[in-house]
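Below is one structure, written out as structure tokens, with a few remarks after it.
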Amino acid sequence: MTNTGIAMIGSGSATPPVSLDNQRLSQIVETSDEWIASRTGIRDRRVADPQTSLCSLATAASKQAIAMAQIDPSEIDLIVLATSTPDDLFGSASQIQAQLGATQAVAFDLTAACSGFIFGLVTAAQFIRTGVYKTVLLIGGDILSRWVDWSDRRTCVLFGDGAGAVVLQASECDRLLGFELRSDGTQNGCLNLSFQAQPQPLIDQITVSRGTYQPITMNGKEVYRFAVKKVPEVIEKALFRADLTVDQINWLILHQANQRIIDAVAQRLNIPSDRVISNLANYGNTSAASIPIALDEAVRAGKIKPGDVIATSGFGAGLTWGAAIFQWGI
């Protein structure tokens, strides 16, 4: 097999229609628009109602990406769904494959929390580079409102729901210019959505665990320190692998977790604010969906143009973090 390049040729995004702004949220917990906006930059978020599934959001985003790429679903060889909140704990990618009519595609879920889209991008790229597959649909999607403790104002103000998708295709020119992935399990306790075991005796001395998952818990100060230190470093390493400098970046798209993190990373890298893409105020933290949603909005608004160099980084639970440098379009 010969090595092949990768091009990102289509994007799409979808969010639930239900909006929960800071003012309405202040009626649920003791908070205010000023308190949330000043600490996070978030003013609104979308939340899925009980009838809205992750698969429905992911399928809607995927259809947009497929249409932009001007391909037929039958041309897709692989579907990678980056999510921490599948509709089915066994995986939801195959349901999306069926809903799209992507009859030739193999599909699987990938879990790396808020880093999921970056980890998924690098994973998908390997299948294309080795010549195994030609066309890959990469989706980042999460419905975190399912797992939020709505009485905890430290976390419930942060998260929103949505999905974003991109189509990757084999190309003579490689548009994925560089990447770097990292994990540190010693800091796993900083951000969790943990299984809560309930002992269930079976017979004699045999007991098994039965239970559910606890709501999201987070040490916000530690996550902030981690992100502000590690994200600039991983972007610099990805730029080194791409043989590029910060000055050659057209756009910076970070995981949309906190505006203060976004501002601090851009400042450390000396990237001016007019080259930083942020839609955090409108959607909150949508986990694996945040980067592809921001990318898609910027592409459709005409900000990102073919050939633009984009530096992007995801970071979050695990702890995991990573960066990718790519050019948009063929």
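Every chain in the structure tokens has a letter given in the order shown (A, B, ...), and although residue numbers restart at 1 in each chain, ligands are simply numbered from 1 in the order shown.
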task = Identify, on the basis of only C-alpha atoms, every residue whose closest approach to Phe195 of chain A does not exceed 12 Å; exclude the query and any residue fewer than 2 positions from it along the same chain; express the result as a PyMOL selection string.
result = chain A and resi 147+192-193+197-198+209-217
key: Contacts of Glu75 of chain A within 10 Å, only C-alpha atoms, excl. fewer than 6 positions in-chain, as an NGL selection string   = :A and (66 or 102-105 or 134-136)
Residues from the last selection, all heavy atoms, saved as a CSV table (one decimal), in the first residue's frame:
chain,number,residue,atom,x,y,z
A,66,ILE,N,-21.9,15.7,4.1
A,66,ILE,CA,-21.9,14.9,2.9
A,66,ILE,C,-22.4,15.8,1.7
A,66,ILE,O,-21.8,15.6,0.6
A,66,ILE,CB,-22.9,13.7,3.1
A,66,ILE,CG1,-22.2,12.7,4.1
A,66,ILE,CG2,-23.2,13.0,1.8
A,66,ILE,CD1,-23.2,11.6,4.6
A,102,ALA,N,-25.4,4.7,4.5
A,102,ALA,CA,-24.0,4.5,4.1
A,102,ALA,C,-23.7,3.0,4.1
A,102,ALA,O,-23.0,2.5,5.0
A,102,ALA,CB,-23.1,5.3,5.0
A,103,THR,N,-24.2,2.3,3.1
A,103,THR,CA,-24.3,0.9,3.1
A,103,THR,C,-22.9,0.2,3.1
A,103,THR,O,-22.8,-1.0,3.5
A,103,THR,CB,-25.1,0.4,2.0
A,103,THR,OG1,-24.6,0.9,0.8
A,103,THR,CG2,-26.6,0.8,2.1
A,104,GLN,N,-21.9,0.9,2.6
A,104,GLN,CA,-20.6,0.3,2.4
A,104,GLN,C,-19.6,0.7,3.6
A,104,GLN,O,-18.5,0.2,3.6
A,104,GLN,CB,-19.9,0.9,1.1
A,104,GLN,CG,-20.7,0.5,-0.1
A,104,GLN,CD,-21.0,-0.9,-0.3
A,104,GLN,OE1,-20.1,-1.8,-0.2
A,104,GLN,NE2,-22.2,-1.3,-0.5
A,105,ALA,N,-20.1,1.4,4.5
A,105,ALA,CA,-19.2,1.9,5.6
A,105,ALA,C,-19.2,1.0,6.8
A,105,ALA,O,-20.2,0.5,7.2
A,105,ALA,CB,-19.7,3.3,6.0
A,134,LYS,N,-10.8,5.3,1.5
A,134,LYS,CA,-10.6,6.5,0.7
A,134,LYS,C,-11.5,7.7,1.3
A,134,LYS,O,-11.0,8.8,1.3
A,134,LYS,CB,-11.1,6.2,-0.8
A,134,LYS,CG,-11.0,7.5,-1.7
A,134,LYS,CD,-11.5,7.2,-3.1
A,134,LYS,CE,-11.5,8.4,-3.9
A,134,LYS,NZ,-12.0,8.2,-5.3
A,135,THR,N,-12.7,7.4,1.8
A,135,THR,CA,-13.6,8.4,2.3
A,135,THR,C,-14.0,8.1,3.7
A,135,THR,O,-14.6,7.0,3.9
A,135,THR,CB,-14.8,8.5,1.3
A,135,THR,OG1,-14.3,8.8,0.0
A,135,THR,CG2,-15.7,9.7,1.8
A,136,VAL,N,-13.9,9.0,4.6
A,136,VAL,CA,-14.2,8.8,6.0
A,136,VAL,C,-15.1,9.9,6.5
A,136,VAL,O,-14.8,11.1,6.2
A,136,VAL,CB,-12.9,8.7,6.9
A,136,VAL,CG1,-13.3,8.5,8.3
A,136,VAL,CG2,-12.0,7.6,6.4
request  = Within 12 Å of Asp87 of chain A, counting only C-alpha atoms, which residues show up once you throw out same-chain ones fewer than 6 positions away? Write them as a PyMOL selection string, please.
outcome  = chain A and resi 50-58+81+93-96+109+141-144+146
Which residues of segment 135-216 of chain A sit at most 12 Å from segment 255-274 of chain A, using only C-alpha atoms? Give each one's shortest atom pair and distance in Å (one decimal place), in chain and ascending residue order, as CSV.
residue,atom,partner,partner_atom,distance
A:Gly140,CA,A:His255,CA,11.5
A:Thr155,CA,A:Ala257,CA,11.4
A:Val157,CA,A:Asn258,CA,11.1
A:Leu158,CA,A:Ala257,CA,7.6
A:Phe159,CA,A:Ala257,CA,8.4
A:Gly160,CA,A:Ala257,CA,10.4
Export, as a CSV table (one decimal), in the first residue's frame, the selected residues with all heavy atoms.
chain,number,residue,atom,x,y,z
A,140,GLY,N,-18.2,14.4,15.7
A,140,GLY,CA,-18.1,14.7,17.1
A,140,GLY,C,-19.4,15.1,17.6
A,140,GLY,O,-20.0,16.0,17.1
A,155,THR,N,-21.0,23.2,37.6
A,155,THR,CA,-20.9,22.4,36.3
A,155,THR,C,-22.1,22.6,35.4
A,155,THR,O,-22.0,22.6,34.2
A,155,THR,CB,-20.8,20.9,36.6
A,155,THR,OG1,-21.9,20.5,37.4
A,155,THR,CG2,-19.5,20.6,37.3
A,157,VAL,N,-23.8,25.1,34.5
A,157,VAL,CA,-23.7,26.3,33.6
A,157,VAL,C,-22.9,26.1,32.4
A,157,VAL,O,-22.9,26.9,31.5
A,157,VAL,CB,-23.2,27.5,34.4
A,157,VAL,CG1,-24.1,27.8,35.7
A,157,VAL,CG2,-21.8,27.4,34.8
A,158,LEU,N,-22.1,25.1,32.4
A,158,LEU,CA,-21.0,24.9,31.4
A,158,LEU,C,-21.4,24.2,30.1
A,158,LEU,O,-20.9,24.6,29.0
A,158,LEU,CB,-19.8,24.2,32.0
A,158,LEU,CG,-19.1,24.8,33.2
A,158,LEU,CD1,-18.1,23.8,33.7
A,158,LEU,CD2,-18.6,26.1,32.9
A,159,PHE,N,-22.3,23.2,30.2
A,159,PHE,CA,-22.4,22.3,29.1
A,159,PHE,C,-23.6,22.5,28.3
A,159,PHE,O,-24.7,22.9,28.7
A,159,PHE,CB,-22.4,20.8,29.7
A,159,PHE,CG,-21.1,20.5,30.4
A,159,PHE,CD1,-21.1,20.5,31.8
A,159,PHE,CD2,-20.0,20.3,29.7
A,159,PHE,CE1,-19.9,20.2,32.5
A,159,PHE,CE2,-18.8,20.0,30.4
A,159,PHE,CZ,-18.8,20.0,31.8
A,160,GLY,N,-23.5,22.1,27.0
A,160,GLY,CA,-24.6,22.1,26.0
A,160,GLY,C,-24.5,20.9,25.1
A,160,GLY,O,-23.6,20.1,25.2
Would you kindly return, as a PDB file with N, CA, C and O atoms, in the first residue's frame, each protein, DNA or RNA residue with an atom no farther than 7 Å from any atom of segment 293-299 of chain A, considering only C-alpha atoms and excluding same-chain residues fewer than 4 positions away?
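Saved to around.pdb:
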ATOM      1  N   SER A  11     -18.237  19.892   5.738  1.00  0.00           N
ATOM      2  CA  SER A  11     -18.525  20.032   7.163  1.00  0.00           C
ATOM      3  C   SER A  11     -20.017  20.235   7.378  1.00  0.00           C
ATOM      4  O   SER A  11     -20.738  20.666   6.471  1.00  0.00           O
ATOM      5  N   GLY A  12     -20.467  19.915   8.578  1.00  0.00           N
ATOM      6  CA  GLY A  12     -21.861  20.115   8.934  1.00  0.00           C
ATOM      7  C   GLY A  12     -22.002  20.169  10.441  1.00  0.00           C
ATOM      8  O   GLY A  12     -21.114  19.737  11.178  1.00  0.00           O
ATOM      9  N   SER A  13     -23.114  20.704  10.925  1.00  0.00           N
ATOM     10  CA  SER A  13     -23.350  20.776  12.361  1.00  0.00           C
ATOM     11  C   SER A  13     -24.839  20.791  12.650  1.00  0.00           C
ATOM     12  O   SER A  13     -25.648  21.162  11.794  1.00  0.00           O
ATOM     13  N   ALA A 163     -23.781  18.347  17.685  1.00  0.00           N
ATOM     14  CA  ALA A 163     -22.955  17.445  16.880  1.00  0.00           C
ATOM     15  C   ALA A 163     -22.362  18.201  15.705  1.00  0.00           C
ATOM     16  O   ALA A 163     -22.988  19.120  15.166  1.00  0.00           O
ATOM     17  N   GLY A 164     -21.170  17.816  15.324  1.00  0.00           N
ATOM     18  CA  GLY A 164     -20.513  18.364  14.142  1.00  0.00           C
ATOM     19  C   GLY A 164     -19.863  17.234  13.370  1.00  0.00           C
ATOM     20  O   GLY A 164     -19.506  16.202  13.953  1.00  0.00           O
ATOM     21  N   SER A 278     -14.408  31.567  18.030  1.00  0.00           N
ATOM     22  CA  SER A 278     -15.105  31.167  19.251  1.00  0.00           C
ATOM     23  C   SER A 278     -16.606  31.346  19.082  1.00  0.00           C
ATOM     24  O   SER A 278     -17.064  32.404  18.649  1.00  0.00           O
ATOM     25  N   ASN A 279     -17.352  30.295  19.404  1.00  0.00           N
ATOM     26  CA  ASN A 279     -18.813  30.392  19.452  1.00  0.00           C
ATOM     27  C   ASN A 279     -19.334  29.902  20.800  1.00  0.00           C
ATOM     28  O   ASN A 279     -20.506  29.559  20.952  1.00  0.00           O
ATOM     29  N   ALA A 289     -18.205  17.757  20.202  1.00  0.00           N
ATOM     30  CA  ALA A 289     -18.852  18.479  19.097  1.00  0.00           C
ATOM     31  C   ALA A 289     -18.335  19.895  18.928  1.00  0.00           C
ATOM     32  O   ALA A 289     -18.569  20.516  17.880  1.00  0.00           O
ATOM     33  N   LYS A 303     -15.639  32.789   6.629  1.00  0.00           N
ATOM     34  CA  LYS A 303     -14.408  33.193   7.311  1.00  0.00           C
ATOM     35  C   LYS A 303     -13.263  32.263   6.910  1.00  0.00           C
ATOM     36  O   LYS A 303     -12.184  32.712   6.525  1.00  0.00           O
ATOM     37  N   ILE A 304     -13.508  30.968   7.022  1.00  0.00           N
ATOM     38  CA  ILE A 304     -12.504  29.985   6.628  1.00  0.00           C
ATOM     39  C   ILE A 304     -12.673  29.682   5.148  1.00  0.00           C
ATOM     40  O   ILE A 304     -13.756  29.331   4.681  1.00  0.00           O
ATOM     41  N   LYS A 305     -11.574  29.828   4.416  1.00  0.00           N
ATOM     42  CA  LYS A 305     -11.578  29.628   2.966  1.00  0.00           C
ATOM     43  C   LYS A 305     -10.640  28.489   2.586  1.00  0.00           C
ATOM     44  O   LYS A 305      -9.721  28.153   3.342  1.00  0.00           O
TER      45      LYS A 305
END
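Nearest to Asp161 of chain A of all the residues A:Ser84, A:Thr4, A:Ser115, A:Ser74 is A:Ser84, counting only C-alpha atoms.
Going from atom CA of Ile310 of chain A to atom CA of Ala242 of chain A covers 11.6 Å.
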With only C-alpha atoms counted and 10 Å as the cut-off, give the residues of segment 109-191 of chain A in contact with segment 314-325 of chain A, each with its shortest interatomic distance in Å and the pair that gives it, as JSON lines.
{"residue": "A:Thr111", "atom": "CA", "partner": "A:Gly318", "partner_atom": "CA", "distance": 9.9}
{"residue": "A:Ala112", "atom": "CA", "partner": "A:Thr320", "partner_atom": "CA", "distance": 6.9}
{"residue": "A:Ala113", "atom": "CA", "partner": "A:Ala317", "partner_atom": "CA", "distance": 5.7}
{"residue": "A:Cys114", "atom": "CA", "partner": "A:Gly316", "partner_atom": "CA", "distance": 5.0}
{"residue": "A:Ser115", "atom": "CA", "partner": "A:Gly314", "partner_atom": "CA", "distance": 4.2}
{"residue": "A:Gly116", "atom": "CA", "partner": "A:Gly314", "partner_atom": "CA", "distance": 7.4}
{"residue": "A:Phe117", "atom": "CA", "partner": "A:Gly314", "partner_atom": "CA", "distance": 7.4}
{"residue": "A:Ile118", "atom": "CA", "partner": "A:Gly314", "partner_atom": "CA", "distance": 6.2}
{"residue": "A:Phe119", "atom": "CA", "partner": "A:Gly322", "partner_atom": "CA", "distance": 7.2}
{"residue": "A:Leu121", "atom": "CA", "partner": "A:Ala324", "partner_atom": "CA", "distance": 8.3}
{"residue": "A:Val122", "atom": "CA", "partner": "A:Ala324", "partner_atom": "CA", "distance": 8.0}
{"residue": "A:Arg175", "atom": "CA", "partner": "A:Ile325", "partner_atom": "CA", "distance": 8.5}
{"residue": "A:Leu176", "atom": "CA", "partner": "A:Ile325", "partner_atom": "CA", "distance": 6.2}
{"residue": "A:Leu177", "atom": "CA", "partner": "A:Ile325", "partner_atom": "CA", "distance": 5.4}
{"residue": "A:Gly178", "atom": "CA", "partner": "A:Ile325", "partner_atom": "CA", "distance": 5.2}
{"residue": "A:Phe179", "atom": "CA", "partner": "A:Ala324", "partner_atom": "CA", "distance": 4.2}
{"residue": "A:Glu180", "atom": "CA", "partner": "A:Ala323", "partner_atom": "CA", "distance": 5.4}
{"residue": "A:Leu181", "atom": "CA", "partner": "A:Gly322", "partner_atom": "CA", "distance": 4.2}
{"residue": "A:Arg182", "atom": "CA", "partner": "A:Trp321", "partner_atom": "CA", "distance": 5.3}
{"residue": "A:Ser183", "atom": "CA", "partner": "A:Thr320", "partner_atom": "CA", "distance": 4.3}
{"residue": "A:Asp184", "atom": "CA", "partner": "A:Leu319", "partner_atom": "CA", "distance": 5.2}
{"residue": "A:Gly185", "atom": "CA", "partner": "A:Gly318", "partner_atom": "CA", "distance": 5.8}
{"residue": "A:Thr186", "atom": "CA", "partner": "A:Leu319", "partner_atom": "CA", "distance": 7.9}
{"residue": "A:Gln187", "atom": "CA", "partner": "A:Leu319", "partner_atom": "CA", "distance": 5.9}
{"residue": "A:Asn188", "atom": "CA", "partner": "A:Gly318", "partner_atom": "CA", "distance": 5.0}
{"residue": "A:Gly189", "atom": "CA", "partner": "A:Gly318", "partner_atom": "CA", "distance": 8.3}
{"residue": "A:Cys190", "atom": "CA", "partner": "A:Ala317", "partner_atom": "CA", "distance": 7.5}
{"residue": "A:Leu191", "atom": "CA", "partner": "A:Ala317", "partner_atom": "CA", "distance": 5.2}
request  = Have a look at A:Pro86, A:Pro199, A:Gly131, A:Pro306 and name the one nearest to Gln169 of chain A; count only C-alpha atoms.
outcome  =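 When distances to Gln169 of chain A are compared using only C-alpha atoms, the smallest one comes from A:Gly131.
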request  = Measuring atom to atom with only C-alpha atoms, identify which of A:Thr245, A:Thr207, A:Thr130, A:Gln200 is nearest to Gly5 of chain A.
outcome  =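 Between A:Thr245, A:Thr207, A:Thr130, A:Gln200, the residue approaching Gly5 of chain A most closely is A:Thr130.
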ask   = Which value, in Å to one decimal, gives the distance between atom CA of Val106 of chain A and atom CA of Gly162 of chain A?
value =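 Spanning atom CA of Val106 of chain A to atom CA of Gly162 of chain A is a straight-line distance of 23.0 Å.
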key: Spatial neighbours of Gly307 of chain A, max dist 12 Å, only C-alpha atoms, sep filter under 4 positions, as a list in words   =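 Selected residues are Ala7, Met8, Ile9, Cys173, Asp174, Arg175, Leu176, Leu177, Gln248, Ile249, Asn250, Trp251, Val299, Lys303, Phe326, Gln327, Trp328, Gly329 and Ile330 of chain A.
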Output N, CA and C atoms for every residue in that selection, as a PDB file, in the first residue's frame.
ATOM      1  N   ALA A   7      -7.586  15.201   2.677  1.00  0.00           N
ATOM      2  CA  ALA A   7      -8.213  16.514   2.523  1.00  0.00           C
ATOM      3  C   ALA A   7      -9.548  16.507   3.251  1.00  0.00           C
ATOM      4  N   MET A   8      -9.886  17.636   3.863  1.00  0.00           N
ATOM      5  CA  MET A   8     -11.171  17.811   4.540  1.00  0.00           C
ATOM      6  C   MET A   8     -12.074  18.581   3.583  1.00  0.00           C
ATOM      7  N   ILE A   9     -13.114  17.907   3.070  1.00  0.00           N
ATOM      8  CA  ILE A   9     -13.859  18.475   1.932  1.00  0.00           C
ATOM      9  C   ILE A   9     -15.308  18.842   2.244  1.00  0.00           C
ATOM     10  N   CYS A 173      -2.382  15.702  -2.297  1.00  0.00           N
ATOM     11  CA  CYS A 173      -1.703  16.613  -1.371  1.00  0.00           C
ATOM     12  C   CYS A 173      -2.230  16.367   0.039  1.00  0.00           C
ATOM     13  N   ASP A 174      -1.329  16.213   0.992  1.00  0.00           N
ATOM     14  CA  ASP A 174      -1.738  15.934   2.370  1.00  0.00           C
ATOM     15  C   ASP A 174      -2.029  17.237   3.097  1.00  0.00           C
ATOM     16  N   ARG A 175      -3.298  17.432   3.462  1.00  0.00           N
ATOM     17  CA  ARG A 175      -3.715  18.664   4.145  1.00  0.00           C
ATOM     18  C   ARG A 175      -3.657  18.540   5.664  1.00  0.00           C
ATOM     19  N   LEU A 176      -3.450  17.326   6.204  1.00  0.00           N
ATOM     20  CA  LEU A 176      -3.204  17.187   7.636  1.00  0.00           C
ATOM     21  C   LEU A 176      -1.702  17.338   7.835  1.00  0.00           C
ATOM     22  N   LEU A 177      -1.311  18.522   8.282  1.00  0.00           N
ATOM     23  CA  LEU A 177       0.097  18.915   8.242  1.00  0.00           C
ATOM     24  C   LEU A 177       0.900  18.438   9.445  1.00  0.00           C
ATOM     25  N   GLN A 248       2.152  31.511  10.508  1.00  0.00           N
ATOM     26  CA  GLN A 248       1.578  30.909   9.303  1.00  0.00           C
ATOM     27  C   GLN A 248       0.173  30.348   9.538  1.00  0.00           C
ATOM     28  N   ILE A 249      -0.327  30.469  10.764  1.00  0.00           N
ATOM     29  CA  ILE A 249      -1.685  30.022  11.084  1.00  0.00           C
ATOM     30  C   ILE A 249      -2.685  31.093  10.682  1.00  0.00           C
ATOM     31  N   ASN A 250      -3.711  30.698   9.954  1.00  0.00           N
ATOM     32  CA  ASN A 250      -4.804  31.631   9.632  1.00  0.00           C
ATOM     33  C   ASN A 250      -5.845  31.693  10.734  1.00  0.00           C
ATOM     34  N   TRP A 251      -6.130  30.516  11.345  1.00  0.00           N
ATOM     35  CA  TRP A 251      -7.178  30.454  12.356  1.00  0.00           C
ATOM     36  C   TRP A 251      -6.806  29.510  13.488  1.00  0.00           C
ATOM     37  N   VAL A 299     -16.795  28.098   8.306  1.00  0.00           N
ATOM     38  CA  VAL A 299     -16.748  27.783   6.874  1.00  0.00           C
ATOM     39  C   VAL A 299     -17.974  28.348   6.170  1.00  0.00           C
ATOM     40  N   LYS A 303     -15.639  32.789   6.629  1.00  0.00           N
ATOM     41  CA  LYS A 303     -14.408  33.193   7.311  1.00  0.00           C
ATOM     42  C   LYS A 303     -13.263  32.263   6.910  1.00  0.00           C
ATOM     43  N   PHE A 326      -4.138  21.643  10.092  1.00  0.00           N
ATOM     44  CA  PHE A 326      -4.588  21.197   8.778  1.00  0.00           C
ATOM     45  C   PHE A 326      -4.992  22.383   7.908  1.00  0.00           C
ATOM     46  N   GLN A 327      -5.026  22.128   6.624  1.00  0.00           N
ATOM     47  CA  GLN A 327      -5.551  23.107   5.655  1.00  0.00           C
ATOM     48  C   GLN A 327      -6.969  22.703   5.279  1.00  0.00           C
ATOM     49  N   TRP A 328      -7.851  23.694   5.232  1.00  0.00           N
ATOM     50  CA  TRP A 328      -9.225  23.418   4.860  1.00  0.00           C
ATOM     51  C   TRP A 328      -9.348  23.246   3.340  1.00  0.00           C
ATOM     52  N   GLY A 329     -10.136  22.265   2.920  1.00  0.00           N
ATOM     53  CA  GLY A 329     -10.437  22.093   1.512  1.00  0.00           C
ATOM     54  C   GLY A 329      -9.424  21.253   0.764  1.00  0.00           C
ATOM     55  N   ILE A 330      -9.696  21.107  -0.525  1.00  0.00           N
ATOM     56  CA  ILE A 330      -8.864  20.258  -1.384  1.00  0.00           C
ATOM     57  C   ILE A 330      -7.556  20.952  -1.721  1.00  0.00           C
TER      58      ILE A 330
END
ask   = If you run DSSP on the backbone, which residues of segment 48-208 of chain A are strand (DSSP E or B), as a ChimeraX atom specification?
value = /A:78-82,106-110,135-143,159,161-171,176-183,191-192,195-203,206-208
To test your reading of the structure, identify every residue in segment 52-244 of chain A that backbone DSSP assigns to alpha helix (DSSP H), and report it as a tab-separated table (two decimals) with C-alpha atoms, in the first residue's frame.
chain	number	residue	atom	x	y	z
A	54	LEU	CA	-27.47	11.74	19.75
A	55	CYS	CA	-27.97	9.76	16.54
A	56	SER	CA	-30.51	12.27	15.23
A	57	LEU	CA	-28.15	15.21	15.82
A	58	ALA	CA	-25.15	13.33	14.40
A	59	THR	CA	-27.12	12.23	11.34
A	60	ALA	CA	-28.32	15.78	10.65
A	61	ALA	CA	-24.77	17.15	10.91
A	62	SER	CA	-23.46	14.33	8.72
A	63	LYS	CA	-26.00	14.98	5.97
A	64	GLN	CA	-24.82	18.60	5.77
A	65	ALA	CA	-21.17	17.52	5.56
A	66	ILE	CA	-21.94	14.91	2.90
A	67	ALA	CA	-23.88	17.49	0.84
A	68	MET	CA	-21.02	20.00	1.03
A	69	ALA	CA	-18.55	17.29	0.00
A	93	ALA	CA	-22.06	4.79	15.06
A	94	SER	CA	-23.78	1.85	13.38
A	95	GLN	CA	-27.20	3.44	13.93
A	96	ILE	CA	-25.94	6.59	12.18
A	97	GLN	CA	-24.59	4.45	9.34
A	98	ALA	CA	-28.05	2.96	8.86
A	99	GLN	CA	-29.83	6.32	9.06
A	100	LEU	CA	-27.50	7.80	6.43
A	116	GLY	CA	-12.58	13.19	20.88
A	117	PHE	CA	-12.70	15.09	17.60
A	118	ILE	CA	-8.90	15.53	17.48
A	119	PHE	CA	-8.29	11.90	18.44
A	120	GLY	CA	-10.89	10.86	15.84
A	121	LEU	CA	-9.27	13.01	13.15
A	122	VAL	CA	-5.87	11.41	13.71
A	123	THR	CA	-7.40	7.91	13.86
A	124	ALA	CA	-9.36	8.42	10.63
A	125	ALA	CA	-6.29	9.85	8.91
A	126	GLN	CA	-4.33	6.64	9.46
A	127	PHE	CA	-6.89	4.58	7.54
A	128	ILE	CA	-6.63	6.99	4.59
A	129	ARG	CA	-2.86	7.38	4.67
A	153	ARG	CA	-23.92	25.54	39.60
A	154	ARG	CA	-20.21	24.79	39.18
A	155	THR	CA	-20.93	22.40	36.31
A	156	CYS	CA	-24.51	22.85	35.07
A	220	GLY	CA	-12.53	23.57	37.57
A	221	LYS	CA	-9.35	25.22	38.87
A	222	GLU	CA	-7.19	22.20	38.08
A	223	VAL	CA	-8.69	21.77	34.61
A	224	TYR	CA	-8.07	25.46	33.91
A	225	ARG	CA	-4.42	25.22	35.01
A	226	PHE	CA	-3.95	22.06	32.98
A	227	ALA	CA	-5.43	23.55	29.81
A	228	VAL	CA	-3.61	26.87	29.95
A	229	LYS	CA	-0.27	25.09	30.38
A	230	LYS	CA	-0.64	22.03	28.16
A	231	VAL	CA	-2.64	23.31	25.18
A	232	PRO	CA	-0.07	25.87	23.95
A	233	GLU	CA	2.65	23.24	24.33
A	234	VAL	CA	0.82	20.62	22.28
A	235	ILE	CA	-0.03	23.15	19.55
A	236	GLU	CA	3.63	24.16	19.35
A	237	LYS	CA	4.64	20.50	19.02
A	238	ALA	CA	2.08	19.96	16.25
A	239	LEU	CA	3.38	23.08	14.48
A	240	PHE	CA	6.92	21.74	14.77
A	241	ARG	CA	5.82	18.47	13.15
A	242	ALA	CA	4.12	20.50	10.41
task = For Glu34 of chain A, please output as a PyMOL selection string all residues within 10 Å (counting only C-alpha atoms; exclusion window: fewer than 4 positions along the same chain).
result = chain A and resi 22-23+38-43
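Rounded to one decimal, atom CA of Ser151 of chain A and atom CA of Ser19 of chain A lie 18.4 Å from each other.
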